[in-house]
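*Asks:* So here's entry02.txt, just compact mmCIF, C-alpha atoms:
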# COMPACT_ATOMS: atom_id res chain seq x y z
CA MET A 20 263.50 53.42 418.60
CA ARG A 21 260.99 50.60 419.06
CA LEU A 22 261.48 47.01 420.08
CA ARG A 23 260.58 44.54 417.35
CA PRO A 24 260.12 41.15 419.06
CA CYS A 25 261.32 37.92 417.47
CA ILE A 26 260.38 34.26 417.30
CA ASP A 27 263.13 32.15 415.73
CA ILE A 28 262.03 28.58 415.01
CA HIS A 29 264.24 25.55 414.31
CA ASN A 30 263.03 21.93 414.15
CA GLY A 31 259.62 23.17 415.26
CA GLN A 32 261.01 24.72 418.47
CA VAL A 33 261.47 28.35 419.45
CA LYS A 34 265.22 28.88 419.80
CA GLN A 35 267.97 31.47 419.98
CA ILE A 36 271.14 30.59 418.11
CA VAL A 37 274.43 32.15 417.10
CA GLY A 38 273.41 33.18 413.61
CA GLY A 39 276.62 32.50 411.75
CA SER A 40 276.68 28.92 413.04
CA LEU A 41 273.52 27.87 411.17
CA THR A 42 273.94 25.63 408.11
CA ASP A 43 271.71 23.31 406.10
CA GLN A 44 273.01 20.46 408.25
CA GLY A 45 272.10 22.02 411.58
CA VAL A 46 273.06 24.54 414.27
CA GLY A 47 276.56 24.86 415.62
CA GLU A 48 275.78 26.99 418.67
CA THR A 49 272.43 27.23 420.45
CA ASN A 50 271.90 29.83 423.17
CA PHE A 51 268.36 28.90 424.21
CA VAL A 52 265.60 26.37 423.53
CA ALA A 53 262.12 27.34 424.73
CA SER A 54 259.81 24.99 426.57
CA GLU A 55 256.86 27.04 425.29
CA GLY A 56 255.51 26.98 421.75
CA GLY A 57 254.78 29.69 419.24
CA SER A 58 251.39 30.58 420.68
CA PHE A 59 252.98 31.55 424.01
CA TYR A 60 255.19 34.17 422.37
CA GLY A 61 252.50 35.40 420.01
CA LYS A 62 250.13 35.94 422.93
CA LEU A 63 252.86 37.61 425.01
CA TYR A 64 253.70 40.10 422.28
CA ARG A 65 250.02 40.83 421.66
CA GLU A 66 249.36 41.46 425.35
CA MET A 67 252.39 43.77 425.57
CA ASN A 68 251.33 45.62 422.40
CA LEU A 69 254.50 44.86 420.45
CA PRO A 70 253.50 44.80 416.76
CA GLY A 71 255.87 44.36 413.84
CA GLY A 72 257.82 41.43 415.23
CA HIS A 73 259.59 38.81 413.14
CA ILE A 74 259.07 35.08 412.92
CA ILE A 75 262.05 33.42 411.22
CA LEU A 76 261.88 29.81 410.00
CA LEU A 77 265.41 28.44 410.21
CA ASN A 78 265.19 25.05 408.52
CA PRO A 79 265.55 24.63 404.74
CA ALA A 80 262.27 24.76 402.84
CA GLY A 81 261.03 21.42 401.56
CA THR A 82 262.13 19.46 404.62
CA ASP A 83 260.01 17.86 407.35
CA ALA A 84 261.70 20.17 409.85
CA TYR A 85 260.58 23.21 407.85
CA GLU A 86 257.00 21.98 407.93
CA ALA A 87 257.33 21.66 411.72
CA ASP A 88 258.59 25.26 411.79
CA VAL A 89 255.54 26.38 409.81
CA ARG A 90 253.16 24.69 412.26
CA THR A 91 254.79 26.43 415.21
CA ALA A 92 254.70 29.73 413.32
CA ALA A 93 251.01 29.25 412.52
CA ASP A 94 250.30 28.95 416.24
CA ALA A 95 252.10 32.25 416.86
CA LEU A 96 250.26 33.98 414.03
CA ALA A 97 246.92 32.72 415.31
CA ALA A 98 247.74 34.18 418.73
CA TYR A 99 248.66 37.58 417.24
CA PRO A 100 247.01 37.95 413.82
CA GLY A 101 248.37 40.92 411.91
CA GLY A 102 251.03 41.56 414.54
CA LEU A 103 253.90 39.48 413.20
CA MET A 104 255.90 39.14 410.00
CA ILE A 105 257.38 35.87 408.77
CA GLY A 106 260.50 34.92 406.84
CA GLY A 107 262.46 31.85 405.87
CA GLY A 108 261.88 29.92 402.67
CA ILE A 109 259.53 32.55 401.23
CA THR A 110 258.91 32.32 397.48
CA VAL A 111 256.39 33.74 395.05
CA GLU A 112 254.54 30.41 395.27
CA ASN A 113 254.00 30.41 399.03
CA ALA A 114 254.13 34.09 400.05
CA ALA A 115 250.38 34.68 399.92
CA SER A 116 249.68 31.59 402.03
CA PHE A 117 251.60 33.09 404.96
CA LEU A 118 249.58 36.28 404.72
CA GLU A 119 246.45 34.12 404.82
CA LEU A 120 247.76 32.55 408.04
CA GLY A 121 247.78 36.00 409.62
CA ALA A 122 251.24 37.42 408.88
CA SER A 123 251.31 41.17 408.24
CA HIS A 124 254.32 40.88 405.89
CA VAL A 125 256.59 38.26 404.37
CA ILE A 126 260.35 38.66 404.78
CA VAL A 127 262.56 37.65 401.88
CA THR A 128 266.30 37.31 401.24
CA SER A 129 267.60 34.26 399.42
CA TYR A 130 264.76 34.04 396.89
CA VAL A 131 265.60 37.45 395.41
CA PHE A 132 269.40 37.11 395.52
CA ARG A 133 270.68 34.49 393.08
CA GLU A 134 274.23 33.85 392.00
CA GLY A 135 275.36 36.74 394.16
CA ARG A 136 273.13 39.34 392.52
CA ILE A 137 269.66 40.83 392.84
CA ASP A 138 267.15 38.89 390.77
CA TRP A 139 264.92 41.75 389.66
CA ASP A 140 262.45 39.43 387.91
CA ARG A 141 261.81 37.48 391.10
CA LEU A 142 261.56 40.67 393.11
CA GLU A 143 259.02 42.09 390.68
CA ALA A 144 257.03 38.85 390.77
CA LEU A 145 256.89 38.94 394.57
CA ARG A 146 255.75 42.54 394.55
CA ASN A 147 253.03 41.68 392.07
CA GLU A 148 251.94 38.72 394.21
CA VAL A 149 251.65 40.35 397.64
CA GLY A 150 252.26 44.07 397.11
CA SER A 151 255.24 46.04 398.36
CA GLU A 152 253.19 47.01 401.41
CA HIS A 153 253.37 43.36 402.56
CA LEU A 154 256.99 42.74 401.56
CA VAL A 155 260.04 43.18 403.80
CA LEU A 156 263.53 42.67 402.41
CA ASP A 157 266.04 41.08 404.78
CA LEU A 158 269.41 42.61 403.90
CA SER A 159 271.39 40.87 406.63
CA CYS A 160 275.07 41.32 406.00
CA LYS A 161 278.66 40.54 406.92
CA ARG A 162 281.50 43.01 407.18
CA THR A 163 284.20 42.73 404.52
CA GLU A 164 287.20 44.84 403.56
CA SER A 165 285.08 46.72 401.06
CA GLY A 166 281.97 47.15 403.21
CA TYR A 167 278.92 45.22 404.39
CA ARG A 168 277.83 42.58 401.88
CA ILE A 169 274.43 40.89 401.95
CA ALA A 170 274.52 37.22 403.04
CA THR A 171 271.99 34.59 401.96
CA ASP A 172 271.19 30.88 402.51
CA ARG A 173 271.27 30.94 406.30
CA TRP A 174 273.98 33.59 406.03
CA GLN A 175 276.49 31.13 404.61
CA LYS A 176 276.82 32.74 401.16
CA LEU A 177 278.05 36.26 400.51
CA THR A 178 276.53 38.10 397.58
CA GLU A 179 278.20 40.78 395.51
CA VAL A 180 275.66 43.32 396.77
CA GLU A 181 276.80 45.81 399.39
CA VAL A 182 274.50 47.45 401.91
CA SER A 183 274.88 51.08 400.90
CA GLY A 184 272.74 54.13 400.40
CA GLU A 185 272.56 53.28 396.71
CA THR A 186 271.34 49.72 397.35
CA LEU A 187 268.81 50.82 399.96
CA GLY A 188 267.48 53.42 397.52
CA GLN A 189 267.22 50.93 394.64
CA LEU A 190 265.21 48.43 396.66
CA LYS A 191 262.89 50.68 398.65
CA GLU A 192 260.11 50.71 396.04
CA TYR A 193 259.79 46.96 396.51
CA SER A 194 259.75 46.89 400.30
CA ALA A 195 257.68 48.32 403.12
CA GLU A 196 260.77 48.21 405.35
CA TYR A 197 264.10 46.47 405.83
CA LEU A 198 265.26 43.91 408.38
CA ILE A 199 269.05 43.89 408.72
CA HIS A 200 271.02 41.53 410.95
CA ALA A 201 274.68 42.21 411.59
CA VAL A 202 275.54 38.57 411.02
CA ASP A 203 278.95 38.59 412.70
CA ALA A 204 277.40 39.95 415.91
CA GLU A 205 274.14 37.99 415.87
CA GLY A 206 273.54 35.93 419.01
CA LYS A 207 276.83 36.92 420.68
CA ARG A 208 275.65 39.74 422.99
CA ARG A 209 279.00 41.52 422.64
CA GLY A 210 277.86 44.87 421.32
CA VAL A 211 276.34 46.28 418.14
CA GLU A 212 278.01 46.94 414.79
CA GLU A 213 278.28 50.71 415.10
CA PRO A 214 279.48 51.37 411.52
CA LEU A 215 276.48 49.49 410.13
CA ALA A 216 274.09 51.32 412.45
CA GLU A 217 275.61 54.65 411.39
CA LEU A 218 275.19 53.76 407.72
CA LEU A 219 271.55 52.76 408.18
CA GLY A 220 270.67 55.69 410.40
CA ALA A 221 272.17 58.17 407.95
CA TRP A 222 269.88 56.82 405.21
CA GLY A 223 266.56 56.45 407.04
CA GLU A 224 264.07 56.75 404.17
CA ILE A 225 261.88 53.75 405.14
CA PRO A 226 261.68 51.87 408.47
CA ILE A 227 264.71 49.71 409.27
CA THR A 228 265.05 47.16 412.06
CA TYR A 229 268.59 46.43 413.21
CA ALA A 230 269.48 43.10 414.86
CA GLY A 231 272.72 41.68 416.20
CA GLY A 232 274.89 41.97 419.28
CA VAL A 233 272.64 43.76 421.79
CA GLY A 234 273.53 42.47 425.23
CA SER A 235 272.91 45.41 427.57
CA PHE A 236 271.12 48.71 427.96
CA ARG A 237 274.37 50.44 427.13
CA ASP A 238 274.30 48.68 423.76
CA LEU A 239 270.82 50.09 423.19
CA GLU A 240 272.09 53.59 423.92
CA VAL A 241 275.00 53.08 421.53
CA LEU A 242 272.59 51.89 418.84
CA ARG A 243 270.23 54.80 419.44
CA ASN A 244 273.05 57.31 419.00
CA ALA A 245 274.76 55.58 416.07
CA GLY A 246 271.46 55.18 414.24
CA GLN A 247 270.34 58.76 414.94
CA ASP A 248 267.30 57.32 416.74
CA ARG A 249 265.92 56.24 413.35
CA LEU A 250 266.31 52.47 413.77
CA ASP A 251 264.11 49.91 415.47
CA VAL A 252 265.79 47.00 417.20
CA THR A 253 265.38 43.26 417.64
CA ILE A 254 266.85 41.62 420.74
CA GLY A 255 267.07 37.85 421.05
CA SER A 256 269.37 35.94 423.39
CA ALA A 257 269.86 38.87 425.78
CA LEU A 258 266.17 38.99 426.75
CA SER A 259 265.07 37.18 429.90
CA ILE A 260 262.32 35.40 427.95
CA PHE A 261 265.14 33.73 426.00
CA GLY A 262 267.43 33.04 428.94
CA GLY A 263 269.20 36.41 429.06
CA ASP A 264 269.51 39.18 431.65
CA MET A 265 267.44 41.97 430.08
CA GLU A 266 263.83 42.05 431.29
CA LEU A 267 261.37 42.60 428.47
CA GLY A 268 259.34 45.21 430.38
CA GLU A 269 262.46 47.17 431.28
CA VAL A 270 263.58 47.20 427.66
CA ILE A 271 260.22 48.55 426.53
CA ARG A 272 260.36 51.32 429.17
CA PHE A 273 263.95 52.20 428.28
CA LEU A 274 263.16 52.53 424.57
CA SER A 275 260.11 54.70 425.26
CA GLU A 276 262.15 57.32 427.16
Could I get this structure in the form of structure tokens?

*Replies:*
Amino acid sequence: MRLRPCIDIHNGQVKQIVGGSLTDQGVGETNFVASEGGSFYGKLYREMNLPGGHIILLNPAGTDAYEADVRTAADALAAYPGGLMIGGGITVENAASFLELGASHVIVTSYVFREGRIDWDRLEALRNEVGSEHLVLDLSCKRTESGYRIATDRWQKLTEVEVSGETLGQLKEYSAEYLIHAVDAEGKRRGVEEPLAELLGAWGEIPITYAGGVGSFRDLEVLRNAGQDRLDVTIGSALSIFGGDMELGEVIRFLSE
């Protein structure tokens, strides 16, 4: 299990929020607002040799705030070219431009899920534009009575698509890897979604990064066991660099054991 670092950006600032509280109108709950910009975190992750991290742009595309997010992201990418992925507002029209800024991959959710379903035409167009080797599908999901369903549009809309072995298998030819937030746990530091981790770890055919709920080293051990040591992990609010109690260096050492 490897640590995949994160840089979440809202209104041009690096932040940590409670994921389910984010809407088009703003953020309901903010855990942390950084005094440093994107370049600080990009440089830190480069110096600590932490490739494969995720930059997430949290404002709606087409707004002034989104453009501020992009500028902060560009600073991070310049500090760690090829070391970070980027998601948020990605479309077939702008995907290549983020790769040109230095992103290793683009991360996509809402653009390829329309009216609650997978838009295969859009997915095919994205693959043709940047190649599956540069495309990561974000299948972040919420738990329902029938299973985990993919959530889009800042996690406010549930699709009809369940995260299952069948879905993961259908989509893998379009994606280099998956990023999957357990939306109900995201930003709360109250433990991981074990059933989701078990589902993902049992599949394990391409790399998967799990995010959501990690608040302690015990949570990391639970995730390692539930995911059969096949999952990578993103930690946000619990890290000391984002105001939490878990030291980044200690996390890296723990995961390497």

*Asks:* Range 81-97 of chain A, all listed atoms, 6 Å padding on each side: what axis-aligned box centre and edge lengths in Å to one decimal come out, as AutoDock Vina command-line options?

*Replies:*
--center_x 254.5 --center_y 25.9 --center_z 409.2 --size_x 27.2 --size_y 28.1 --size_z 27.3

*Asks:* Just the number, please: distance in Å from CA of Ala93 in chain A to CA of Gly71 in chain A, one decimal.

*Replies:* 15.9 Å

*Asks:* Using only C-alpha atoms, can you tell me which of A:Asn30, A:Thr186, A:Ala115, A:Ser159 comes closest to Thr82 in chain A?

*Replies:*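 Of the candidates, the smallest distance to Thr82 in chain A is held by A:Asn30.
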
*Asks:* Counting all atoms listed in the file, which residues of range 161-236 of chain A fall within 12 Å of range 97-107 of chain A, and what is the closest atom pair for each with its distance in Å at one decimal, ordered by chain and rising number, as a tab-separated table?

*Replies:*
residue	atom	partner	partner_atom	distance
A:Thr171	CA	A:Gly107	CA	10.7
A:Asp172	CA	A:Gly107	CA	9.4
A:Arg173	CA	A:Gly107	CA	8.9
A:Trp174	CA	A:Gly107	CA	11.7
A:Ala195	CA	A:Met104	CA	11.6
A:Glu196	CA	A:Met104	CA	11.3
A:Tyr197	CA	A:Met104	CA	11.8
A:Leu198	CA	A:Gly106	CA	10.3

*Asks:* Counting only C-alpha atoms, which residue out of A:Ala80, A:Val33, A:Ile169, A:Val180 sits closest to Val202 in chain A?

*Replies:* A:Ile169

*Asks:* Rank A:Pro24, A:Pro79, A:Gly210, A:Gly135 by their smallest atom-to-atom distance to Tyr60 in chain A, using all atoms listed in the file, and report the top residue only.

*Replies:*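 Looking at the shortest contact to Tyr60 in chain A, the residue is A:Pro24.
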
*Asks:* Of the candidates A:Thr91, A:Trp222, A:Thr163, A:Glu134, which shows the shortest atom-to-atom distance to Glu185 in chain A, using all atoms listed in the file?

*Replies:*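 Selected residue with least distance to Glu185 in chain A: A:Trp222.
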
*Asks:* Please determine, counting only C-alpha atoms, which residue among A:Ile126, A:Lys207, A:Ser275, A:Ile260 has the shortest atom-to-atom distance to Phe59 in chain A.

*Replies:*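 With only C-alpha atoms as the atom set, the closest residue is A:Ile260.
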
*Asks:* Please identify all polymer residues within 7 Å of range 212-215 of chain A, counting all atoms listed in the file, omitting same-chain residues fewer than 4 positions from it, and present them as an NGL selection string.

*Replies:* :A and (201 or 219 or 242 or 245)

*Asks:* For the selection just defined, write its residues with C-alpha atoms to a file, as a JSON list (two decimals), in the frame of the given file.

*Replies:*
[["chain", "number", "residue", "atom", "x", "y", "z"],
["A", 201, "ALA", "CA", 274.68, 42.21, 411.59],
["A", 219, "LEU", "CA", 271.55, 52.76, 408.18],
["A", 242, "LEU", "CA", 272.59, 51.89, 418.84],
["A", 245, "ALA", "CA", 274.76, 55.58, 416.07]]

*Asks:* Which residue gives the smallest distance to Ala216 in chain A among A:Asp248, A:Asp83, A:Glu112, A:Asp157, with all atoms listed in the file counted?

*Replies:* A:Asp248

*Asks:* CA of Arg237 in chain A and CA of Gly268 in chain A are how many Å apart?

*Replies:* 16.2 Å

*Asks:* Is it possible to get the residues within 7 Å of (258.2, 41.9, 397.6) (coordinates as in the file, counting all atoms listed in the file) written as a list in words?

*Replies:*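 Looking at atoms near the point gives Leu142, Glu143, Leu145, Arg146, Val149, Gly150, Ser151, Leu154, Val155, Tyr193 and Ser194 of chain A.
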
*Asks:* Separation of CA of Gln175 in chain A and CA of Ser235 in chain A, in Å?

*Replies:*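 Going from CA of Gln175 in chain A over to CA of Ser235 in chain A, I get 27.3 Å.
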
*Asks:* Give me, as a VMD selection string, all polymer residues having an atom no more than 12 Å from Glu266 in chain A, counting all atoms listed in the file and skipping those fewer than 5 positions away in the same chain.

*Replies:* chain A and resid 234 to 236 254 to 261 271 to 273
